[in-house]
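Note: the block below is run24.pdb and it holds PDB, C-alpha atoms and all ligand atoms.
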```
ATOM      1  CA  MET Q   8      15.285  -9.958  -3.113
ATOM      2  CA  SER Q   9      15.445  -8.446  -6.566
ATOM      3  CA  VAL Q  10      13.370  -5.335  -6.970
ATOM      4  CA  PRO Q  11      11.786  -4.810 -10.389
ATOM      5  CA  PRO Q  12      11.900  -1.283 -11.792
ATOM      6  CA  LEU Q  13       8.812   0.659 -10.895
ATOM      7  CA  HIS Q  14       7.032   2.742 -13.487
ATOM      8  CA  VAL Q  15       4.637   5.310 -12.196
ATOM      9  CA  VAL Q  16       2.136   6.293 -14.857
ATOM     10  CA  ALA Q  17      -0.122   9.131 -16.000
ATOM     11  CA  SER Q  18       0.102  12.534 -14.352
ATOM     12  CA  THR Q  19       2.052  10.994 -11.493
ATOM     13  CA  ASP Q  20       4.961   9.872 -13.638
ATOM     14  CA  THR Q  21       7.436  12.005 -11.732
ATOM     15  CA  ARG Q  22      10.357  10.205 -13.324
ATOM     16  CA  SER Q  23       9.687  11.266 -16.932
ATOM     17  CA  ASP Q  24       8.856  14.824 -15.813
ATOM     18  CA  TYR Q  25      12.157  15.218 -14.041
ATOM     19  CA  THR Q  26      14.152  13.337 -16.683
ATOM     20  CA  SER Q  27      13.048  15.808 -19.371
ATOM     21  CA  LEU Q  28      13.847  18.671 -16.998
ATOM     22  CA  GLU Q  29      17.319  17.204 -16.477
ATOM     23  CA  HIS Q  30      17.858  17.002 -20.262
ATOM     24  CA  LEU Q  31      16.748  20.613 -20.729
ATOM     25  CA  THR Q  32      19.196  21.660 -18.004
ATOM     26  CA  TYR Q  33      22.033  19.929 -19.883
ATOM     27  CA  VAL Q  34      21.123  21.834 -23.070
ATOM     28  CA  VAL Q  35      21.072  25.215 -21.292
ATOM     29  CA  LEU Q  36      24.303  24.439 -19.411
ATOM     30  CA  GLY Q  37      25.899  23.195 -22.657
ATOM     31  CA  ILE Q  38      25.104  26.450 -24.479
ATOM     32  CA  ALA Q  39      26.378  28.484 -21.512
ATOM     33  CA  ALA Q  40      29.599  26.414 -21.381
ATOM     34  CA  LEU Q  41      30.198  26.842 -25.138
ATOM     35  CA  LEU Q  42      29.756  30.629 -24.892
ATOM     36  CA  VAL Q  43      32.049  30.953 -21.878
ATOM     37  CA  VAL Q  44      34.752  28.684 -23.320
ATOM     38  CA  GLY Q  45      34.414  30.486 -26.670
ATOM     39  CA  ALA Q  46      34.845  33.895 -25.026
ATOM     40  CA  ILE Q  47      37.875  32.719 -23.040
ATOM     41  CA  THR Q  48      39.450  31.180 -26.151
ATOM     42  CA  LEU Q  49      38.875  34.407 -28.090
ATOM     43  CA  ALA Q  50      40.467  36.425 -25.298
ATOM     44  CA  ILE Q  51      43.525  34.121 -25.271
ATOM     45  CA  VAL Q  52      43.905  34.288 -29.055
ATOM     46  CA  ARG Q  53      43.665  38.077 -29.024
ATOM     47  CA  ARG Q  54      45.738  38.649 -25.883
ATOM     48  CA  HIS Q  55      48.616  40.392 -27.719
ATOM     49  CA  ARG Q  56      46.368  42.954 -29.340
ATOM     50  CA  PRO Q  57      46.486  46.395 -27.771
ATOM     51  CA  ALA Q  58      43.566  47.102 -25.430
ATOM     52  CA  ARG Q  59      40.834  49.305 -26.870
ATOM     53  CA  PRO Q  60      38.803  51.781 -24.911
ATOM     54  CA  ALA Q  61      35.266  50.690 -24.034
ATOM     55  CA  SER Q  62      32.959  51.310 -26.955
ATOM     56  CA  ASP Q  63      29.250  51.042 -27.703
ATOM     57  CA  ASP Q  64      30.008  47.564 -29.041
ATOM     58  CA  SER Q  65      31.357  46.335 -25.703
ATOM     59  CA  HIS Q  66      28.327  47.778 -23.908
ATOM     60  CA  ARG Q  67      26.036  45.995 -26.327
ATOM     61  CA  LEU Q  68      27.985  42.805 -25.715
ATOM     62  CA  GLN Q  69      27.526  43.164 -21.950
ATOM     63  CA  ILE Q  70      23.784  43.657 -22.387
ATOM     64  CA  ALA Q  71      23.657  40.589 -24.661
ATOM     65  CA  TRP Q  72      25.447  38.514 -21.966
ATOM     66  CA  ILE Q  73      22.977  39.637 -19.301
ATOM     67  CA  GLY Q  74      20.072  38.952 -21.671
ATOM     68  CA  LEU Q  75      21.342  35.427 -22.401
ATOM     69  CA  VAL Q  76      21.718  34.636 -18.702
ATOM     70  CA  ALA Q  77      18.214  35.977 -18.037
ATOM     71  CA  VAL Q  78      16.758  33.837 -20.843
ATOM     72  CA  GLY Q  79      18.497  30.739 -19.430
ATOM     73  CA  VAL Q  80      17.155  31.435 -15.936
ATOM     74  CA  VAL Q  81      13.615  32.052 -17.204
ATOM     75  CA  VAL Q  82      13.620  28.882 -19.354
ATOM     76  CA  LEU Q  83      14.869  26.686 -16.477
ATOM     77  CA  ALA Q  84      12.622  28.267 -13.839
ATOM     78  CA  THR Q  85       9.531  27.952 -16.051
ATOM     79  CA  ALA Q  86      10.280  24.324 -16.941
ATOM     80  CA  THR Q  87      10.899  23.499 -13.258
ATOM     81  CA  MET Q  88       7.636  25.077 -12.128
ATOM     82  CA  ARG Q  89       5.714  23.284 -14.897
ATOM     83  CA  ALA Q  90       7.236  19.904 -13.916
ATOM     84  CA  GLU Q  91       6.392  20.565 -10.268
ATOM     85  CA  GLY Q  92       2.883  21.617 -11.227
ATOM     86  CA  ARG Q  93       2.327  18.349 -13.116
ATOM     87  CA  THR Q  94       3.703  16.292 -10.222
ATOM     88  CA  ASP Q  95       1.700  18.139  -7.584
ATOM     89  CA  THR Q  96      -1.606  18.053  -9.455
ATOM     90  CA  VAL Q  97      -4.215  16.258  -7.410
ATOM     91  CA  THR Q  98      -7.249  15.696  -9.618
ATOM     92  CA  GLY Q  99     -10.184  13.377 -10.019
ATOM     93  CA  THR Q 100     -11.461  10.813  -7.605
ATOM     94  CA  PRO Q 101      -8.826   8.453  -6.283
ATOM     95  CA  GLN Q 102      -9.633   4.746  -6.058
ATOM     96  CA  ALA Q 103      -7.762   4.415  -2.774
ATOM     97  CA  ARG Q 104      -6.807   6.703   0.097
ATOM     98  CA  VAL Q 105      -4.071   6.368   2.666
ATOM     99  CA  GLU Q 106      -3.308   8.667   5.572
ATOM    100  CA  VAL Q 107       0.388   8.531   6.381
ATOM    101  CA  THR Q 108       1.729   9.753   9.716
ATOM    102  CA  ALA Q 109       5.480   9.804  10.275
ATOM    103  CA  PHE Q 110       6.933   9.756  13.781
ATOM    104  CA  LYS Q 111      10.197   9.111  15.578
ATOM    105  CA  TRP Q 112      10.939   6.507  14.266
ATOM    106  CA  GLY Q 113       8.297   4.840  12.216
ATOM    107  CA  TRP Q 114       5.184   5.146  10.112
ATOM    108  CA  ARG Q 115       1.458   4.838  10.576
ATOM    109  CA  PHE Q 116      -0.735   3.967   7.570
ATOM    110  CA  ARG Q 117      -4.457   4.471   8.003
ATOM    111  CA  TYR Q 118      -6.999   3.620   5.355
ATOM    112  CA  PRO Q 119     -10.030   5.904   5.790
ATOM    113  CA  GLY Q 120     -13.386   4.141   5.497
ATOM    114  CA  SER Q 121     -11.893   0.911   6.792
ATOM    115  CA  THR Q 122     -10.566  -0.488  10.049
ATOM    116  CA  VAL Q 123      -7.056  -0.842   8.675
ATOM    117  CA  ASP Q 124      -4.597   1.095  10.821
ATOM    118  CA  LEU Q 125      -1.004  -0.100  10.619
ATOM    119  CA  VAL Q 126       1.834   1.141  12.789
ATOM    120  CA  GLY Q 127       5.422   0.042  12.417
ATOM    121  CA  SER Q 128       8.705   1.347  13.713
ATOM    122  CA  THR Q 129      12.344   0.359  13.820
ATOM    123  CA  ASN Q 130      11.299  -2.821  15.670
ATOM    124  CA  GLY Q 131       9.402  -3.944  12.560
ATOM    125  CA  ALA Q 132       9.090  -1.903   9.406
ATOM    126  CA  PRO Q 133       5.454  -1.470   8.353
ATOM    127  CA  THR Q 134       4.132  -2.328   4.908
ATOM    128  CA  LEU Q 135       2.190   0.172   2.855
ATOM    129  CA  THR Q 136      -0.203  -1.855   0.696
ATOM    130  CA  VAL Q 137      -1.664  -0.132  -2.375
ATOM    131  CA  PRO Q 138      -3.657  -1.242  -5.433
ATOM    132  CA  ALA Q 139      -1.626  -1.432  -8.650
ATOM    133  CA  GLY Q 140      -2.889   0.552 -11.627
ATOM    134  CA  GLU Q 141      -5.155   2.806  -9.585
ATOM    135  CA  ARG Q 142      -4.871   6.346  -8.342
ATOM    136  CA  VAL Q 143      -3.905   6.383  -4.675
ATOM    137  CA  ARG Q 144      -4.324   9.620  -2.743
ATOM    138  CA  PHE Q 145      -1.925  10.128   0.118
ATOM    139  CA  VAL Q 146      -2.435  12.602   2.957
ATOM    140  CA  LEU Q 147       0.870  12.939   4.762
ATOM    141  CA  THR Q 148       1.673  14.471   8.140
ATOM    142  CA  SER Q 149       4.084  14.091  11.059
ATOM    143  CA  ARG Q 150       3.526  13.620  14.776
ATOM    144  CA  ASP Q 151       6.728  15.283  15.996
ATOM    145  CA  VAL Q 152       9.524  16.618  13.786
ATOM    146  CA  ILE Q 153       9.971  16.944  10.017
ATOM    147  CA  HIS Q 154      10.343  13.584   8.273
ATOM    148  CA  SER Q 155      10.296  12.758   4.584
ATOM    149  CA  PHE Q 156       8.308  10.083   2.765
ATOM    150  CA  PHE Q 157      10.589   8.677   0.079
ATOM    151  CA  ILE Q 158      10.166   5.792  -2.359
ATOM    152  CA  PRO Q 159      13.543   5.738  -4.153
ATOM    153  CA  GLN Q 160      12.295   3.695  -7.138
ATOM    154  CA  THR Q 161       9.719   6.354  -7.961
ATOM    155  CA  ARG Q 162      12.108   9.237  -7.300
ATOM    156  CA  PHE Q 163       9.199  10.528  -5.277
ATOM    157  CA  LYS Q 164       9.778  12.343  -2.013
ATOM    158  CA  ARG Q 165       7.581  14.574   0.122
ATOM    159  CA  ASP Q 166       8.372  16.126   3.475
ATOM    160  CA  ALA Q 167       6.059  15.287   6.379
ATOM    161  CA  PHE Q 168       5.442  18.316   8.594
ATOM    162  CA  PRO Q 169       3.914  18.383  12.079
ATOM    163  CA  ALA Q 170       0.543  20.162  12.273
ATOM    164  CA  ARG Q 171       0.271  20.297   8.499
ATOM    165  CA  THR Q 172      -0.880  17.871   5.817
ATOM    166  CA  THR Q 173       0.553  17.329   2.347
ATOM    167  CA  THR Q 174      -1.648  15.688  -0.275
ATOM    168  CA  PHE Q 175      -0.401  13.874  -3.371
ATOM    169  CA  ASP Q 176      -1.492  11.162  -5.814
ATOM    170  CA  LEU Q 177       0.550   8.204  -6.996
ATOM    171  CA  VAL Q 178      -0.288   5.466  -9.474
ATOM    172  CA  PHE Q 179       1.780   2.279  -9.199
ATOM    173  CA  SER Q 180       1.635   0.817 -12.690
ATOM    174  CA  HIS Q 181       2.138  -2.844 -11.774
ATOM    175  CA  PRO Q 182       2.297  -5.109  -8.733
ATOM    176  CA  GLY Q 183       5.602  -5.237  -6.894
ATOM    177  CA  VAL Q 184       7.461  -4.649  -3.666
ATOM    178  CA  TRP Q 185       9.763  -1.686  -3.129
ATOM    179  CA  PRO Q 186      11.628  -0.154  -0.207
ATOM    180  CA  GLY Q 187      10.548   3.149   1.340
ATOM    181  CA  ARG Q 188      12.661   5.420   3.525
ATOM    182  CA  CYS Q 189      12.612   8.494   5.675
ATOM    183  CA  ALA Q 190      14.706  11.013   3.736
ATOM    184  CA  GLU Q 191      14.944  13.796   6.313
ATOM    185  CA  TYR Q 192      17.356  13.462   9.206
ATOM    186  CA  CYS Q 193      15.048  13.251  12.223
ATOM    187  CA  GLY Q 194      17.108  11.905  15.096
ATOM    188  CA  LEU Q 195      19.183   8.971  16.322
ATOM    189  CA  ARG Q 196      17.311   6.163  14.575
ATOM    190  CA  HIS Q 197      16.481   8.035  11.366
ATOM    191  CA  ALA Q 198      18.522   5.567   9.299
ATOM    192  CA  GLU Q 199      16.300   2.695  10.469
ATOM    193  CA  MET Q 200      13.023   4.468   9.717
ATOM    194  CA  ASP Q 201      12.056   2.254   6.790
ATOM    195  CA  PHE Q 202       8.860   0.917   5.322
ATOM    196  CA  THR Q 203       7.935  -1.396   2.478
ATOM    197  CA  VAL Q 204       5.618  -0.538  -0.404
ATOM    198  CA  ARG Q 205       3.575  -3.446  -1.720
ATOM    199  CA  ALA Q 206       1.421  -2.890  -4.812
ATOM    200  CA  VAL Q 207      -1.069  -5.706  -5.407
ATOM    201  CA  PRO Q 208      -3.773  -6.243  -8.055
ATOM    202  CA  ALA Q 209      -6.863  -4.117  -7.337
ATOM    203  CA  ALA Q 210      -9.105  -7.113  -6.470
ATOM    204  CA  GLN Q 211      -6.517  -8.408  -4.019
ATOM    205  CA  TYR Q 212      -6.260  -4.959  -2.482
ATOM    206  CA  ARG Q 213     -10.054  -4.788  -1.935
ATOM    207  CA  ALA Q 214     -10.020  -8.233  -0.304
ATOM    208  CA  TRP Q 215      -7.080  -7.219   1.878
ATOM    209  CA  LEU Q 216      -8.879  -4.043   2.960
ATOM    210  CA  ALA Q 217     -12.146  -5.894   3.649
ATOM    211  CA  GLY Q 218     -10.201  -8.437   5.677
ATOM    212  CA  GLY Q 219      -8.891  -5.736   7.997
ATOM    213  CA  GLY Q 220      -5.422  -5.511   6.501
ATOM    214  CA  ARG Q 221      -4.302  -9.086   7.078
ATOM    215  CA  SER Q 222      -2.468 -10.356   4.026
TER     216      SER Q 222
HETATM  217 CU    CU Q 301      12.225  10.519   9.949
END
```

Can I see the file as structure tokens?
Ligand SMILES: [Cu+2]
Amino acid sequence: MSVPPLHVVASTDTRSDYTSLEHLTYVVLGIAALLVVGAITLAIVRRHRPARPASDDSHRLQIAWIGLVAVGVVVLATATMRAEGRTDTVTGTPQARVEVTAFKWGWRFRYPGSTVDLVGSTNGAPTLTVPAGERVRFVLTSRDVIHSFFIPQTRFKRDAFPARTTTFDLVFSHPGVWPGRCAEYCGLRHAEMDFTVRAVPAAQYRAWLAGGGRS
């Protein structure tokens, strides 16, 4: 089965957030690499010159190095926290809600306000059905150990902790079917702890929900 690329839109577009962060990291690393290689080259070129005692100039140079490193760290840390803040923002009223419970070794998807309650394990991977183009609020937890809810196509991953819930929003921009995985080693059958994500048009989703989750 060919899997079409999935674009997640609006404030939940985690891919564009992290792609721009990646590009910024390359710029900062590139500048750092140029400075280091430049300094090494200069030292090699000047290696036959007699050594000079430490002067005010060399102290100033050391302070400039430390300052540059600090600026790089602050720029990257700030950009990272901003990207995380955008991804983690849970705002507005979602059009759909799903409660996800991970367990050894499967998933339970409950749809509050309806009778739909789907459980699947390594004997038969469950399908997470969501409306395309709408905001879906997920409340994630675990029944036993730490698992991780991961949809590779969205580059979206959240750990599932026992006795704790994690809330996030996702918007699936168009209908499609994508694989989901557990991304946290959780025991012998971790590698088989899969699920399928199926995004359908909103009207079809409502009919599916009203019909008790039978597709
Ligand atoms: Cu797991």

Step by step, work through what the PyMOL selection byres (((chain Q and resi 149-156) around 9) and not hetatm) selects in the shown file, and finish by giving those residues as a PyMOL selection string.
-> chain Q and resi 107-111+147-148+157-158+163-172+187-193+197

Listed atoms of stretch 81-98 of chain Q boxed along x, y and z, 8 Å each side, centre and edge lengths in Å, one decimal, as AutoDock Vina command-line options:
```
--center_x 3.8 --center_y 23.9 --center_z -13.4 --size_x 38.1 --size_y 32.4 --size_z 27.9
```

Grab the atom CA of Q:Gly194 to atom CA of Q:Val126 distance for me, in Å with one decimal place.
->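 It comes out at 18.8 Å.
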
Excluding same-chain residues fewer than 5 positions from stretch 210-212 of chain Q, what lies within 8 Å of it counting only C-alpha atoms, as a PDB file with C-alpha atoms, in the coordinates of the input?
```pdb
ATOM      1  CA  THR Q 136      -0.203  -1.855   0.696  1.00  0.00           C
ATOM      2  CA  VAL Q 137      -1.664  -0.132  -2.375  1.00  0.00           C
ATOM      3  CA  PRO Q 138      -3.657  -1.242  -5.433  1.00  0.00           C
TER       4      PRO Q 138
END
```

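Closest approach to Q:Arg205 among Q:Val184, Q:Val44, Q:Leu36, Q:Val78: Q:Val184, based on all atoms listed in the file.
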
Kindly indicate which residue among Q:Ser180, Q:Thr100, Q:Ser62, Q:Gln69 lies nearest to Q:Thr161, using only C-alpha atoms for the distances.
->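 Of all the options, Q:Ser180 lies closest to Q:Thr161.
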
Taking into account only C-alpha atoms, which residue in the set Q:Pro159, Q:Pro119, Q:Gly79, Q:Gly127 is nearest to Q:Phe202?
-> Q:Gly127

Work out how far apart atom CA of Q:Asp201 and atom CA of Q:Arg115 are and give it in Å to one decimal.
->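 These two atoms are separated by 11.5 Å.
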
Answer as a PyMOL selection string, residues within 8 Å of (-0.2, -4.3, -13.6) using all atoms listed in the file = chain Q and resi 139-140+180-182+208

Could you write those residues out with C-alpha atoms, as a compact mmCIF listing (two decimals), in the coordinates of the input?
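Written file, out39.txt:
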```
# COMPACT_ATOMS: atom_id res chain seq x y z
CA ALA Q 139 -1.63 -1.43 -8.65
CA GLY Q 140 -2.89 0.55 -11.63
CA SER Q 180 1.64 0.82 -12.69
CA HIS Q 181 2.14 -2.84 -11.77
CA PRO Q 182 2.30 -5.11 -8.73
CA PRO Q 208 -3.77 -6.24 -8.06
```

Evaluate the PyMOL selection byres (((chain Q and resi 106) around 7) and not hetatm) here and jot the selected residues down as a list in words.
->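 When the PyMOL selection byres (((chain Q and resi 106) around 7) and not hetatm) is applied to the shown file, the picked residues are Arg104, Val105, Val107, Thr108, Phe116, Arg117, Tyr118, Phe145, Val146 and Leu147 of chain Q.
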
Selection result of the PyMOL selection byres (((chain Q and resi 221) around 12) and not hetatm) on this file, as a PyMOL selection string | chain Q and resi 122-125+134+136+211-220+222

Write the residues you've just listed into a file as a short mmCIF file (atom, residue, chain, number, x, y, z; two decimals), in the frame of the given file, and include C-alpha atoms for each of them.
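Below is the file part21.cif, written as the result:
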```cif
data_model
loop_
_atom_site.label_atom_id
_atom_site.label_comp_id
_atom_site.auth_asym_id
_atom_site.auth_seq_id
_atom_site.Cartn_x
_atom_site.Cartn_y
_atom_site.Cartn_z
CA THR Q 122 -10.57 -0.49 10.05
CA VAL Q 123 -7.06 -0.84 8.68
CA ASP Q 124 -4.60 1.10 10.82
CA LEU Q 125 -1.00 -0.10 10.62
CA THR Q 134 4.13 -2.33 4.91
CA THR Q 136 -0.20 -1.86 0.70
CA GLN Q 211 -6.52 -8.41 -4.02
CA TYR Q 212 -6.26 -4.96 -2.48
CA ARG Q 213 -10.05 -4.79 -1.94
CA ALA Q 214 -10.02 -8.23 -0.30
CA TRP Q 215 -7.08 -7.22 1.88
CA LEU Q 216 -8.88 -4.04 2.96
CA ALA Q 217 -12.15 -5.89 3.65
CA GLY Q 218 -10.20 -8.44 5.68
CA GLY Q 219 -8.89 -5.74 8.00
CA GLY Q 220 -5.42 -5.51 6.50
CA SER Q 222 -2.47 -10.36 4.03
#
```

How many Å lie between atom CA of Q:Arg142 and atom CA of Q:Phe179, rounded to one decimal?
-> 7.8 Å

Tell me which of Q:Trp114, Q:Tyr33, Q:Tyr25, Q:Phe175 sits closest to ligand CU 301 (chain Q), counting all atoms listed in the file.
->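 Comparing Q:Trp114, Q:Tyr33, Q:Tyr25, Q:Phe175 against ligand CU 301 (chain Q), the winner is Q:Trp114.
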
Which one is closest to ligand CU 301 (chain Q): Q:Leu195, Q:Ala209, Q:Ile51, Q:Ala132? Count only C-alpha atoms and all ligand atoms.
->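 For ligand CU 301 (chain Q), the nearest of the given residues is Q:Leu195.
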
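Proximity to ligand CU 301 (chain Q) was assessed for Q:Thr129, Q:Thr94, Q:Thr26, Q:Thr32 counting only C-alpha atoms and all ligand atoms; the smallest distance is recorded for Q:Thr129.
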
Please tell me which residues are no farther than 12 Å from (11.6, 22.3, -14.8) in the file, counting all atoms listed in the file, and write them as a ChimeraX atom specification.
-> /Q:21,23-33,35,79-94
